[in-house]
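**Student:** So here's structure29.txt, just compact mmCIF, C-alpha atoms and all ligand atoms:
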# COMPACT_ATOMS: atom_id res chain seq x y z
CA MET A 396 71.76 143.68 90.60
CA GLU A 397 70.14 140.84 92.56
CA PHE A 398 68.03 138.75 90.22
CA GLN A 399 65.06 136.61 91.23
CA ASN A 400 63.70 133.55 89.52
CA THR A 401 60.05 134.64 89.61
CA GLU A 402 57.63 135.76 86.97
CA ALA A 403 56.84 138.93 88.91
CA PHE A 404 60.51 139.89 88.96
CA ALA A 405 60.95 139.15 85.24
CA ARG A 406 57.88 141.29 84.53
CA SER A 407 59.34 144.15 86.54
CA LEU A 408 62.53 143.99 84.43
CA ASP A 409 60.45 144.12 81.26
CA ARG A 410 58.54 147.11 82.60
CA GLU A 411 61.73 149.09 83.14
CA ASP A 412 63.27 147.99 79.83
CA PRO A 413 63.35 150.97 77.42
CA LEU A 414 63.63 148.56 74.47
CA ALA A 415 60.57 146.50 75.42
CA PRO A 416 58.29 148.30 72.92
CA PHE A 417 60.52 147.15 70.04
CA ARG A 418 59.36 143.57 70.52
CA GLU A 419 56.19 144.70 68.72
CA GLU A 420 58.29 145.59 65.69
CA PHE A 421 59.08 141.91 65.06
CA LEU A 422 57.01 138.92 63.97
CA PHE A 423 57.23 135.83 66.16
CA PRO A 424 56.38 132.28 65.09
CA GLN A 425 53.51 131.02 67.25
CA GLU A 426 53.36 127.88 69.35
CA GLY A 427 50.15 127.04 71.24
CA GLY A 428 48.83 130.56 70.63
CA LYS A 429 51.91 132.21 72.12
CA ASP A 430 55.08 133.78 70.76
CA VAL A 431 57.86 131.20 70.73
CA ILE A 432 60.86 131.81 72.96
CA TYR A 433 63.35 132.65 70.27
CA PHE A 434 67.01 131.92 70.97
CA THR A 435 68.25 131.67 67.39
CA GLY A 436 68.65 135.30 66.40
CA ASN A 437 72.32 134.32 65.95
CA SER A 438 71.26 132.12 63.05
CA LEU A 439 68.28 133.91 61.51
CA GLY A 440 66.90 137.08 63.05
CA LEU A 441 63.12 137.54 63.28
CA GLN A 442 61.28 139.40 60.55
CA PRO A 443 60.87 143.12 61.25
CA ARG A 444 57.27 144.18 60.77
CA GLY A 445 58.43 146.83 58.28
CA ALA A 446 60.22 144.33 56.03
CA ARG A 447 57.19 143.29 54.00
CA ALA A 448 56.18 146.89 53.25
CA ALA A 449 59.73 147.65 52.11
CA VAL A 450 59.63 144.70 49.71
CA ASP A 451 56.13 145.64 48.54
CA GLU A 452 57.34 149.13 47.74
CA VAL A 453 59.91 147.70 45.34
CA MET A 454 57.33 145.33 43.84
CA GLN A 455 54.95 148.24 43.27
CA ASP A 456 57.65 150.39 41.71
CA TRP A 457 58.61 147.52 39.46
CA GLU A 458 54.95 147.07 38.49
CA ALA A 459 54.27 150.76 37.88
CA LEU A 460 57.61 151.99 36.56
CA ALA A 461 59.43 148.92 35.25
CA VAL A 462 62.87 149.97 34.01
CA GLU A 463 62.24 153.56 34.97
CA GLY A 464 62.25 152.48 38.61
CA HIS A 465 66.05 152.67 38.46
CA PHE A 466 65.81 156.46 38.39
CA LYS A 467 62.21 157.40 39.04
CA ALA A 468 61.17 155.30 42.00
CA ASP A 469 60.74 157.28 45.24
CA ARG A 470 63.79 155.38 46.40
CA PRO A 471 65.60 154.99 43.05
CA TRP A 472 67.23 151.58 42.63
CA TRP A 473 70.50 152.86 41.16
CA THR A 474 71.40 154.48 44.48
CA TYR A 475 69.31 152.24 46.75
CA HIS A 476 72.32 150.62 48.46
CA GLU A 477 73.68 154.01 49.47
CA ALA A 478 70.92 154.37 52.08
CA LEU A 479 72.35 151.35 53.90
CA ARG A 480 75.78 152.84 54.30
CA ALA A 481 75.41 155.19 57.28
CA PRO A 482 73.28 152.94 59.51
CA MET A 483 75.52 149.98 58.76
CA ALA A 484 78.66 152.01 59.50
CA ALA A 485 77.20 153.00 62.87
CA ILE A 486 76.71 149.34 63.78
CA VAL A 487 80.34 148.36 63.12
CA GLY A 488 82.07 151.56 64.19
CA ALA A 489 83.15 152.70 60.76
CA MET A 490 83.16 155.86 58.67
CA PRO A 491 80.32 155.69 56.17
CA GLU A 492 82.68 155.59 53.19
CA GLU A 493 84.38 152.49 54.64
CA VAL A 494 81.23 150.37 54.39
CA THR A 495 79.21 148.86 51.61
CA VAL A 496 76.63 146.10 51.23
CA MET A 497 76.96 143.53 48.46
CA ASN A 498 76.82 139.82 47.58
CA THR A 499 76.88 137.35 50.46
CA LEU A 500 79.40 136.73 53.19
CA THR A 501 81.60 133.93 51.86
CA VAL A 502 81.65 135.53 48.42
CA ASN A 503 82.82 138.80 49.95
CA LEU A 504 85.54 137.13 51.99
CA HIS A 505 86.89 135.63 48.78
CA LEU A 506 86.75 139.01 47.03
CA LEU A 507 88.51 140.74 49.92
CA MET A 508 91.23 138.09 49.89
CA VAL A 509 92.05 139.27 46.37
CA SER A 510 92.99 142.64 47.85
CA PHE A 511 94.35 141.72 51.24
CA TYR A 512 95.89 138.27 51.00
CA ARG A 513 99.07 138.89 49.03
CA PRO A 514 101.46 136.00 49.75
CA ARG A 515 105.01 136.96 48.88
CA GLY A 516 108.35 135.27 49.53
CA LYS A 517 108.30 133.68 52.98
CA ARG A 518 105.28 135.71 54.05
CA VAL A 519 102.49 133.38 52.97
CA LYS A 520 100.78 132.10 56.11
CA ILE A 521 97.24 132.76 57.27
CA LEU A 522 96.35 132.58 60.95
CA CYS A 523 92.85 131.78 62.23
CA GLU A 524 91.23 130.17 65.23
CA GLU A 525 90.90 126.36 65.26
CA LYS A 526 87.48 125.07 64.24
CA ALA A 527 86.50 128.33 62.62
CA PHE A 528 83.07 128.33 60.98
CA PRO A 529 83.30 125.69 58.21
CA SER A 530 82.69 128.12 55.35
CA ASP A 531 85.61 130.24 56.57
CA GLN A 532 87.85 127.17 56.72
CA TYR A 533 86.87 126.16 53.18
CA MET A 534 87.39 129.70 51.99
CA LEU A 535 90.85 129.98 53.54
CA LYS A 536 92.04 126.55 52.42
CA SER A 537 90.82 127.05 48.86
CA GLN A 538 92.55 130.44 48.73
CA LEU A 539 95.80 128.86 49.86
CA ARG A 540 95.54 126.12 47.24
CA PHE A 541 94.67 128.74 44.62
CA HIS A 542 98.01 130.39 45.40
CA GLY A 543 99.79 127.03 45.10
CA LEU A 544 100.22 126.63 48.86
CA ASP A 545 99.56 123.64 51.11
CA PRO A 546 96.99 124.45 53.82
CA ALA A 547 98.66 121.88 56.10
CA GLU A 548 101.70 124.16 56.18
CA ALA A 549 100.38 127.61 55.48
CA LEU A 550 97.26 127.66 57.66
CA VAL A 551 98.07 128.34 61.32
CA GLU A 552 95.20 127.47 63.63
CA VAL A 553 95.30 128.80 67.18
CA ARG A 554 94.15 126.10 69.58
CA LYS A 555 92.32 126.18 72.86
CA ARG A 556 94.19 124.69 75.79
CA PRO A 557 93.37 121.05 76.61
CA GLY A 558 90.20 120.83 78.69
CA GLU A 559 89.28 124.47 77.99
CA HIS A 560 86.43 125.70 75.84
CA HIS A 561 87.68 129.14 74.92
CA TRP A 562 90.76 130.73 73.40
CA ARG A 563 93.11 132.84 75.49
CA THR A 564 94.21 136.15 73.99
CA PRO A 565 97.88 135.65 75.01
CA ASP A 566 97.86 132.35 73.10
CA VAL A 567 96.65 134.15 69.97
CA LEU A 568 99.28 136.86 70.41
CA GLU A 569 101.98 134.27 70.95
CA ALA A 570 101.01 132.39 67.80
CA ILE A 571 101.27 135.66 65.90
CA ALA A 572 104.71 136.30 67.38
CA GLN A 573 105.84 132.77 66.64
CA HIS A 574 104.98 133.05 62.92
CA LYS A 575 105.87 136.72 62.73
CA ASP A 576 108.07 136.59 59.64
CA GLU A 577 105.84 134.27 57.65
CA LEU A 578 102.44 135.74 58.38
CA ALA A 579 100.59 137.40 55.49
CA LEU A 580 97.12 137.56 57.01
CA VAL A 581 95.19 137.08 60.23
CA LEU A 582 91.55 136.32 59.55
CA MET A 583 89.35 135.27 62.44
CA GLY A 584 85.74 135.30 63.55
CA GLY A 585 85.21 138.32 65.82
CA VAL A 586 82.69 136.34 67.85
CA ASN A 587 83.07 132.57 67.66
CA TYR A 588 79.88 130.93 66.47
CA TYR A 589 80.24 127.88 68.70
CA ASN A 590 81.16 129.16 72.14
CA GLY A 591 80.01 132.78 71.72
CA GLN A 592 83.43 134.15 72.71
CA VAL A 593 84.26 137.72 71.71
CA PHE A 594 87.89 137.94 70.67
CA ASP A 595 90.00 140.89 71.71
CA MET A 596 89.85 142.33 68.21
CA GLU A 597 91.76 145.47 69.09
CA SER A 598 94.82 143.73 70.60
CA ILE A 599 94.91 141.00 67.97
CA THR A 600 94.65 143.54 65.16
CA ARG A 601 97.50 145.58 66.59
CA ALA A 602 99.76 142.57 67.18
CA ALA A 603 99.14 141.18 63.70
CA GLN A 604 99.84 144.51 62.02
CA ASP A 605 102.98 145.00 64.11
CA ALA A 606 104.08 141.62 62.77
CA GLY A 607 103.54 142.90 59.23
CA ALA A 608 100.33 141.00 58.46
CA ALA A 609 97.01 142.27 57.18
CA VAL A 610 94.00 141.71 59.43
CA GLY A 611 90.45 140.81 58.50
CA TRP A 612 87.51 139.90 60.71
CA ASP A 613 84.51 137.77 59.91
CA LEU A 614 81.83 139.53 61.93
CA ALA A 615 78.89 137.23 61.17
CA HIS A 616 78.22 136.76 64.90
CA ALA A 617 79.46 140.17 65.94
CA ALA A 618 77.60 142.72 63.80
CA GLY A 619 74.56 143.94 65.71
CA ASN A 620 75.64 141.92 68.75
CA VAL A 621 78.74 143.46 70.28
CA PRO A 622 80.44 146.89 70.23
CA LEU A 623 82.76 147.28 67.26
CA LYS A 624 85.18 150.07 66.41
CA LEU A 625 86.63 148.89 63.14
CA HIS A 626 87.90 152.28 62.09
CA GLU A 627 89.53 153.13 65.39
CA TRP A 628 91.08 149.67 65.74
CA GLY A 629 92.63 150.08 62.30
CA VAL A 630 91.25 146.78 61.00
CA ASP A 631 92.17 146.31 57.33
CA PHE A 632 88.92 144.70 56.25
CA ALA A 633 85.86 142.88 57.55
CA ALA A 634 82.69 141.25 56.29
CA TRP A 635 79.49 140.04 57.92
CA CYS A 636 76.15 138.63 56.95
CA THR A 637 72.97 140.55 57.73
CA TYR A 638 70.50 137.72 58.35
CA LYS A 639 71.72 136.90 61.88
CA TYR A 640 71.59 139.74 64.42
CA LEU A 641 70.75 142.24 61.67
CA ASN A 642 67.39 140.59 60.89
CA SER A 643 67.43 141.08 57.11
CA GLY A 644 65.97 137.74 56.03
CA PRO A 645 67.27 134.34 54.90
CA GLY A 646 70.45 134.30 52.83
CA ASN A 647 70.53 138.05 52.58
CA ALA A 648 73.33 140.39 51.57
CA SER A 649 76.61 140.96 53.36
CA GLY A 650 78.23 144.05 54.80
CA VAL A 651 81.83 144.86 53.96
CA PHE A 652 84.34 147.16 55.66
CA ILE A 653 87.54 148.42 54.08
CA HIS A 654 89.64 150.81 56.13
CA GLN A 655 89.85 154.39 54.90
CA ARG A 656 93.63 154.15 54.40
CA HIS A 657 93.06 151.52 51.68
CA LEU A 658 90.42 153.47 49.78
CA GLY A 659 91.71 154.87 46.52
CA ARG A 660 94.95 152.86 46.68
CA GLU A 661 95.95 152.01 43.16
CA ASP A 662 98.49 149.37 44.15
CA LEU A 663 95.81 147.19 45.71
CA PRO A 664 94.48 144.53 43.36
CA ARG A 665 90.74 144.04 43.23
CA PHE A 666 88.19 142.25 41.10
CA GLU A 667 86.05 144.92 39.51
CA GLY A 668 82.62 145.44 37.98
CA TRP A 669 80.56 148.39 36.82
CA TRP A 670 78.87 149.06 40.17
CA GLY A 671 82.30 149.84 41.63
CA THR A 672 82.67 152.94 39.48
CA ARG A 673 81.77 156.48 40.46
CA ARG A 674 78.09 156.93 39.92
CA GLU A 675 78.62 160.20 38.02
CA THR A 676 80.45 158.37 35.24
CA ARG A 677 78.88 154.92 35.51
CA PHE A 678 76.47 155.31 32.65
CA LEU A 679 78.96 156.87 30.29
CA MET A 680 79.91 153.24 29.69
CA GLU A 681 83.60 154.10 29.38
CA PRO A 682 86.12 151.29 28.91
CA GLU A 683 88.29 152.38 31.89
CA PHE A 684 87.28 151.67 35.50
CA ASP A 685 86.70 154.94 37.37
CA ALA A 686 86.76 153.76 40.99
CA ALA A 687 84.19 155.04 43.48
CA PRO A 688 86.10 156.90 46.24
CA CYS A 689 84.73 154.56 48.92
CA ALA A 690 84.17 150.90 49.74
CA ASP A 691 81.68 150.81 46.86
CA ALA A 692 84.72 150.36 44.58
CA TRP A 693 84.56 146.67 45.59
CA GLN A 694 80.97 146.34 44.31
CA LEU A 695 80.58 144.32 41.14
CA SER A 696 76.98 144.08 40.06
CA ASN A 697 73.89 146.20 40.29
CA PRO A 698 72.51 145.01 43.63
CA PRO A 699 69.47 142.80 44.30
CA ILE A 700 67.02 145.49 45.37
CA LEU A 701 64.43 143.01 46.62
CA SER A 702 66.99 141.74 49.15
CA LEU A 703 68.15 145.16 50.19
CA ALA A 704 64.58 146.27 50.95
CA PRO A 705 64.07 144.22 54.15
CA LEU A 706 67.61 145.06 55.23
CA LEU A 707 66.81 148.74 54.92
CA ALA A 708 63.70 148.25 57.07
CA SER A 709 65.77 146.47 59.69
CA LEU A 710 68.58 149.03 59.74
CA LYS A 711 66.02 151.76 60.40
CA LEU A 712 65.25 150.06 63.69
CA PHE A 713 68.95 149.95 64.57
CA GLU A 714 69.16 153.65 63.82
CA GLN A 715 66.26 154.34 66.16
CA VAL A 716 67.65 152.28 69.03
CA GLY A 717 71.41 152.69 68.66
CA MET A 718 74.01 150.09 69.52
CA GLU A 719 74.63 151.49 72.97
CA ALA A 720 71.09 150.94 74.23
CA LEU A 721 71.08 147.54 72.59
CA GLN A 722 74.31 146.58 74.37
CA ALA A 723 72.99 147.72 77.71
CA LYS A 724 69.90 145.56 77.40
CA SER A 725 71.90 142.68 75.97
CA ARG A 726 74.24 142.54 78.96
CA LYS A 727 71.36 142.54 81.41
CA LEU A 728 69.24 140.03 79.49
CA THR A 729 72.06 137.53 79.06
CA ALA A 730 73.08 137.94 82.69
CA TYR A 731 69.49 137.12 83.63
CA LEU A 732 69.52 134.05 81.39
CA GLU A 733 72.76 132.93 83.04
CA PHE A 734 71.17 133.41 86.45
CA ILE A 735 68.09 131.39 85.42
CA LEU A 736 70.26 128.56 84.07
CA LYS A 737 72.20 128.39 87.33
CA GLU A 738 68.98 128.41 89.36
CA VAL A 739 67.51 125.55 87.36
CA ASP A 740 70.79 123.68 87.55
CA ARG A 741 70.71 123.97 91.33
CA GLU A 742 67.02 123.09 91.68
CA VAL A 743 67.17 119.91 89.61
CA ASP A 744 70.71 118.95 90.57
CA SER A 745 71.72 118.83 86.94
CA THR A 746 75.12 119.70 85.52
CA PHE A 747 75.01 122.47 82.98
CA GLU A 748 78.29 123.97 82.01
CA ILE A 749 78.27 127.38 80.38
CA ILE A 750 81.27 127.29 78.05
CA THR A 751 80.94 130.90 76.91
CA PRO A 752 83.67 132.99 78.57
CA PRO A 753 82.98 136.38 80.21
CA ALA A 754 84.03 138.14 76.98
CA ARG A 755 80.70 137.53 75.32
CA GLY A 756 77.82 139.05 73.40
CA CYS A 757 74.29 137.82 73.94
CA GLN A 758 74.95 134.14 73.24
CA LEU A 759 75.45 131.49 75.91
CA SER A 760 76.61 128.05 74.80
CA VAL A 761 75.73 125.41 77.34
CA PHE A 762 76.99 121.85 77.71
CA LEU A 763 74.15 119.67 78.93
CA HIS A 764 76.16 117.01 80.69
CA GLY A 765 74.04 113.93 81.24
CA GLU A 766 71.26 115.36 79.10
CA GLY A 767 70.92 114.70 75.44
CA ARG A 768 68.97 115.30 72.36
CA PRO A 769 65.62 114.28 74.03
CA LEU A 770 65.77 117.33 76.31
CA PHE A 771 66.42 119.56 73.32
CA ASP A 772 63.52 117.98 71.43
CA TYR A 773 61.29 118.58 74.46
CA LEU A 774 62.27 122.27 74.51
CA MET A 775 61.47 122.65 70.81
CA ALA A 776 58.08 120.97 71.30
CA GLN A 777 57.33 123.51 74.05
CA GLY A 778 58.01 126.46 71.76
CA VAL A 779 61.63 127.11 72.73
CA ILE A 780 63.55 127.63 69.52
CA ALA A 781 67.19 126.97 70.31
CA ASP A 782 70.07 125.46 68.45
CA TRP A 783 71.71 122.10 69.00
CA ARG A 784 75.33 121.33 68.19
CA GLU A 785 76.90 117.91 68.57
CA PRO A 786 77.82 116.41 70.95
CA ASN A 787 75.45 118.10 73.44
CA VAL A 788 75.75 121.84 73.32
CA ILE A 789 72.77 124.13 73.07
CA ARG A 790 73.32 127.68 71.95
CA LEU A 791 70.99 130.27 73.44
CA ALA A 792 71.15 133.74 71.94
CA PRO A 793 68.50 136.07 73.39
CA ALA A 794 68.62 138.94 70.90
CA PRO A 795 67.99 142.09 72.94
CA PHE A 796 65.92 143.70 70.21
CA TYR A 797 62.98 141.36 70.69
CA CYS A 798 63.57 138.91 73.56
CA SER A 799 62.11 139.69 76.96
CA PHE A 800 63.03 138.93 80.54
CA VAL A 801 59.79 136.96 80.91
CA ASP A 802 60.99 134.81 77.99
CA MET A 803 64.04 133.91 80.08
CA TYR A 804 61.90 133.11 83.12
CA ARG A 805 59.49 130.97 81.07
CA PHE A 806 62.41 129.17 79.46
CA GLY A 807 63.74 128.27 82.90
CA GLN A 808 60.41 126.78 83.91
CA ILE A 809 60.16 124.72 80.71
CA LEU A 810 63.76 123.55 81.08
CA LYS A 811 63.19 122.46 84.66
CA THR A 812 60.02 120.57 83.78
CA GLY A 813 61.81 118.91 80.87
CA ILE A 814 64.60 117.63 83.06
CA GLN A 815 62.26 116.51 85.83
CA ALA A 816 59.95 114.73 83.35
CA LYS A 817 62.82 112.40 82.65
CA GLY A 818 62.77 111.44 86.34
CA LYS A 819 66.17 112.92 86.86
CA GLY A 820 65.79 116.02 88.96
C1 LIG B 1 76.88 132.42 59.38
C2 LIG B 1 78.33 132.41 59.02
C3 LIG B 1 78.74 132.30 57.69
C4 LIG B 1 77.74 132.08 56.59
O1 LIG B 1 78.24 132.45 55.36
P1 LIG B 1 77.28 132.73 54.11
O2 LIG B 1 78.24 132.98 53.03
O3 LIG B 1 76.40 133.90 54.46
O4 LIG B 1 76.44 131.49 53.89
C5 LIG B 1 80.09 132.37 57.43
N1 LIG B 1 80.99 132.54 58.43
C6 LIG B 1 80.62 132.64 59.73
C7 LIG B 1 81.64 132.85 60.80
C8 LIG B 1 79.27 132.58 60.06
O5 LIG B 1 78.90 132.66 61.34
Mind converting the file's structure to structure tokens?

**Tutor:**
Amino acid sequence: MEFQNTEAFARSLDREDPLAPFREEFLFPQEGGKDVIYFTGNSLGLQPRGARAAVDEVMQDWEALAVEGHFKADRPWWTYHEALRAPMAAIVGAMPEEVTVMNTLTVNLHLLMVSFYRPRGKRVKILCEEKAFPSDQYMLKSQLRFHGLDPAEALVEVRKRPGEHHWRTPDVLEAIAQHKDELALVLMGGVNYYNGQVFDMESITRAAQDAGAAVGWDLAHAAGNVPLKLHEWGVDFAAWCTYKYLNSGPGNASGVFIHQRHLGREDLPRFEGWWGTRRETRFLMEPEFDAAPCADAWQLSNPPILSLAPLLASLKLFEQVGMEALQAKSRKLTAYLEFILKEVDREVDSTFEIITPPARGCQLSVFLHGEGRPLFDYLMAQGVIADWREPNVIRLAPAPFYCSFVDMYRFGQILKTGIQAKGKG
């Protein structure tokens, strides 16, 4: 499609966008009486309009029913989390029984390591991408030390080539082959938070398993952003937060995937709690753990219902739209943003460099060569909410659920004015 850098053209794209009405389902911060241009759905998704009512429902049940809310609320709390299962499974390409929602992301990665990181003999190493999200690095290194291993030796980090800003799949596969006999686990981010790259999860999963390693994916930047087929790919486990593209609210719960072939395995160690038992026997208060026949077996505590409420509201929107329609809009919207960036770059003779490779979701990470923090501050003052990473990268993630093509056009105009105001363009 030929794009044009005009408001009329952007409006025409919005008019033909089947997802455009969903913008109304989200609450935008206001700047100068207008919705901000929101590029940080990769950090904290906007609040779905239905979130407050979902929370209020729990508050009212708590007020009116108190402890009886566990069983007598319209949506009883003791099975509340089960309503999240099917919509969440659809988002990550899983069977419903392979998915549960619990705790928060880093906590869940640690818990899953108990089951899937089993260093033995020479096979102790963990492979990840270099400069993984800091929490993942801390998690992996502390796990290695917990097992008496030295991260300097046992953590294999796949590097980008000098001068390049993305990883090459063959380099990942080669690193796997190189450490073949010593690899216990491959755990990587499915979409890298910094450059927005989507890893070839299917090929990497297959290669790692062929080498005899378990494979886990941190899908914090992937869930709700890119197509995932965790079941079909045979991934051993995965976890993701829900407050980024899944719009569940700050610090909210995490999704977990455990492949069907691992469910019910008695040889797999796991840390256990009462919410991991079959619900039919849970309240018999028996001394022996009677595992739920699904990913719920990894649950520990009775879940925080007030957190799950806004997540449920958000997942209902995903159910209505479906990942396929979301993908289709996402590809077009991000392509339009890329076009706008290149137009502005040309018009003001600037030097943007998009470091996100073609294997991408909605995020574009852009090096602003010759521009610095002042330009970013200008954008923020004009109601463009983006994200700055040192040294001079801005990350722009137009979430297809609520961002419009006119947003992209308006952003381009603001960006151009910002650069010209500095007397550069
Ligand atoms: C956002 C993010 C996290 C955050 O972890 P929490 O435990 O939810 O604070 C972890 N890992 C990655 C890759 C992320 O993008």

**Student:** When distances are computed from all atoms listed in the file, which of A:Pro795, A:Gly807, A:Gly813, A:Pro546 shows the smallest separation from Gln399 in chain A?

**Tutor:**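 Closest to Gln399 in chain A of all the choices is A:Gly807.
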
**Student:** Find the residues near ligand LIG 1 (chain B). Use a cut-off of 8 Å, count all atoms listed in the file, and write them as a short mmCIF file (atom, residue, chain, number, x, y, z; two decimals) with C-alpha atoms, in the coordinates of the input.

**Tutor:**
data_model
loop_
_atom_site.label_atom_id
_atom_site.label_comp_id
_atom_site.auth_asym_id
_atom_site.auth_seq_id
_atom_site.Cartn_x
_atom_site.Cartn_y
_atom_site.Cartn_z
CA SER A 438 71.26 132.12 63.05
CA THR A 499 76.88 137.35 50.46
CA LEU A 500 79.40 136.73 53.19
CA THR A 501 81.60 133.93 51.86
CA VAL A 502 81.65 135.53 48.42
CA ALA A 527 86.50 128.33 62.62
CA PHE A 528 83.07 128.33 60.98
CA PRO A 529 83.30 125.69 58.21
CA SER A 530 82.69 128.12 55.35
CA ASP A 531 85.61 130.24 56.57
CA GLY A 584 85.74 135.30 63.55
CA VAL A 586 82.69 136.34 67.85
CA ASN A 587 83.07 132.57 67.66
CA TYR A 588 79.88 130.93 66.47
CA ASP A 613 84.51 137.77 59.91
CA LEU A 614 81.83 139.53 61.93
CA ALA A 615 78.89 137.23 61.17
CA HIS A 616 78.22 136.76 64.90
CA TRP A 635 79.49 140.04 57.92
CA CYS A 636 76.15 138.63 56.95
CA LYS A 639 71.72 136.90 61.88
CA GLY A 646 70.45 134.30 52.83
CA ASN A 647 70.53 138.05 52.58
CA ALA A 648 73.33 140.39 51.57
CA SER A 649 76.61 140.96 53.36
#

**Student:** Out of A:Glu733, A:Phe678, A:Lys536, A:Gln777, which residue has the shortest atom-to-atom distance to Gly428 in chain A when counting all atoms listed in the file?

**Tutor:** A:Gln777

**Student:** With distances taken over all atoms listed in the file, which of A:Ala730, A:Leu791, A:Tyr797, A:Gly717 is nearest to Pro753 in chain A?

**Tutor:**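 Of A:Ala730, A:Leu791, A:Tyr797, A:Gly717, the one nearest Pro753 in chain A, counting all atoms listed in the file, is A:Ala730.
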
**Student:** Restricting the calculation to all atoms listed in the file, which member of A:Val779, A:Val519, A:Ala608, A:Ala478 is positioned closest to Gly543 in chain A?

**Tutor:** A:Val519

**Student:** Report the distance between CA of Asn697 in chain A and CA of Trp669 in chain A in Å, rounded to one decimal place.

**Tutor:**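 A separation of 7.8 Å between them.
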
**Student:** Return the single residue from A:Arg515, A:Arg755, A:His505, A:Arg554 that is closest to Phe666 in chain A, with distances computed using only C-alpha atoms.

**Tutor:**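 The answer is A:His505, which sits nearest to Phe666 in chain A.
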
**Student:** So which one's closest to Met803 in chain A, A:Leu408, A:Leu550, A:Met718, A:Ile750? Using only C-alpha atoms, please.

**Tutor:**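 Smallest distance to Met803 in chain A is found for A:Leu408.
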
**Student:** May I have the protein, DNA and RNA residues with any atom at most 9 Å from the point (75.6, 143.7, 61.9), counting all atoms listed in the file, written as a PyMOL selection string?

**Tutor:** chain A and resi 483+486-487+614-621+635-642+650

**Student:** Could the residues in this selection be written to a file with C-alpha atoms, as a compact mmCIF listing (two decimals), in the coordinates of the input?

**Tutor:**
# COMPACT_ATOMS: atom_id res chain seq x y z
CA MET A 483 75.52 149.98 58.76
CA ILE A 486 76.71 149.34 63.78
CA VAL A 487 80.34 148.36 63.12
CA LEU A 614 81.83 139.53 61.93
CA ALA A 615 78.89 137.23 61.17
CA HIS A 616 78.22 136.76 64.90
CA ALA A 617 79.46 140.17 65.94
CA ALA A 618 77.60 142.72 63.80
CA GLY A 619 74.56 143.94 65.71
CA ASN A 620 75.64 141.92 68.75
CA VAL A 621 78.74 143.46 70.28
CA TRP A 635 79.49 140.04 57.92
CA CYS A 636 76.15 138.63 56.95
CA THR A 637 72.97 140.55 57.73
CA TYR A 638 70.50 137.72 58.35
CA LYS A 639 71.72 136.90 61.88
CA TYR A 640 71.59 139.74 64.42
CA LEU A 641 70.75 142.24 61.67
CA ASN A 642 67.39 140.59 60.89
CA GLY A 650 78.23 144.05 54.80

**Student:** Work out how far CA of Glu463 in chain A is from CA of Leu710 in chain A, in Å to one decimal.

**Tutor:**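 Interatomic distance here is 26.0 Å.
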
**Student:** Excluding range 734-748 of chain A and its own-chain neighbours fewer than 2 positions away, which residues fall within 12 Å of it when counting all atoms listed in the file? Please give them as a ChimeraX atom specification.

**Tutor:** /A:396-402,404-405,559-560,590,727-732,750-752,759-767,787-791,800-820

**Student:** Just give me the gap between CA of Asp691 in chain A and CA of Lys467 in chain A in Å, one decimal is fine.

**Tutor:**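 Straight-line distance from CA of Asp691 in chain A to CA of Lys467 in chain A works out to 22.0 Å.
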
**Student:** Can you pull out the residues contacting Met454 in chain A? Cut-off 10 Å, using only C-alpha atoms, and skip same-chain residues under 6 positions away; I want them as an MDAnalysis selection string.

**Tutor:** chainID A and resid 448 460:461 700:701

**Student:** Using the structure just given, write a file holding N, CA, C and O atoms for range 732-738 of chain A, as an mmCIF file, in the first residue's frame.

**Tutor:**
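So selection21.cif came out as:
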data_model
loop_
_atom_site.group_PDB
_atom_site.id
_atom_site.type_symbol
_atom_site.label_atom_id
_atom_site.label_comp_id
_atom_site.auth_asym_id
_atom_site.auth_seq_id
_atom_site.Cartn_x
_atom_site.Cartn_y
_atom_site.Cartn_z
ATOM 1 N N LEU A 732 3.710 4.115 10.865
ATOM 2 C CA LEU A 732 4.630 4.870 11.730
ATOM 3 C C LEU A 732 6.034 4.899 11.118
ATOM 4 O O LEU A 732 6.697 5.941 11.107
ATOM 5 N N GLU A 733 6.466 3.773 10.585
ATOM 6 C CA GLU A 733 7.796 3.706 9.964
ATOM 7 C C GLU A 733 7.862 4.668 8.779
ATOM 8 O O GLU A 733 8.841 5.407 8.611
ATOM 9 N N PHE A 734 6.802 4.665 7.992
ATOM 10 C CA PHE A 734 6.731 5.570 6.840
ATOM 11 C C PHE A 734 6.812 7.035 7.298
ATOM 12 O O PHE A 734 7.570 7.834 6.751
ATOM 13 N N ILE A 735 6.050 7.373 8.324
ATOM 14 C CA ILE A 735 6.042 8.752 8.843
ATOM 15 C C ILE A 735 7.443 9.149 9.335
ATOM 16 O O ILE A 735 7.941 10.241 9.055
ATOM 17 N N LEU A 736 8.090 8.235 10.056
ATOM 18 C CA LEU A 736 9.433 8.529 10.567
ATOM 19 C C LEU A 736 10.396 8.822 9.417
ATOM 20 O O LEU A 736 11.198 9.748 9.473
ATOM 21 N N LYS A 737 10.283 8.020 8.361
ATOM 22 C CA LYS A 737 11.191 8.200 7.225
ATOM 23 C C LYS A 737 10.888 9.503 6.497
ATOM 24 O O LYS A 737 11.799 10.182 6.011
ATOM 25 N N GLU A 738 9.607 9.854 6.412
ATOM 26 C CA GLU A 738 9.227 11.127 5.783
ATOM 27 C C GLU A 738 9.805 12.300 6.558
ATOM 28 O O GLU A 738 10.386 13.213 5.979
#
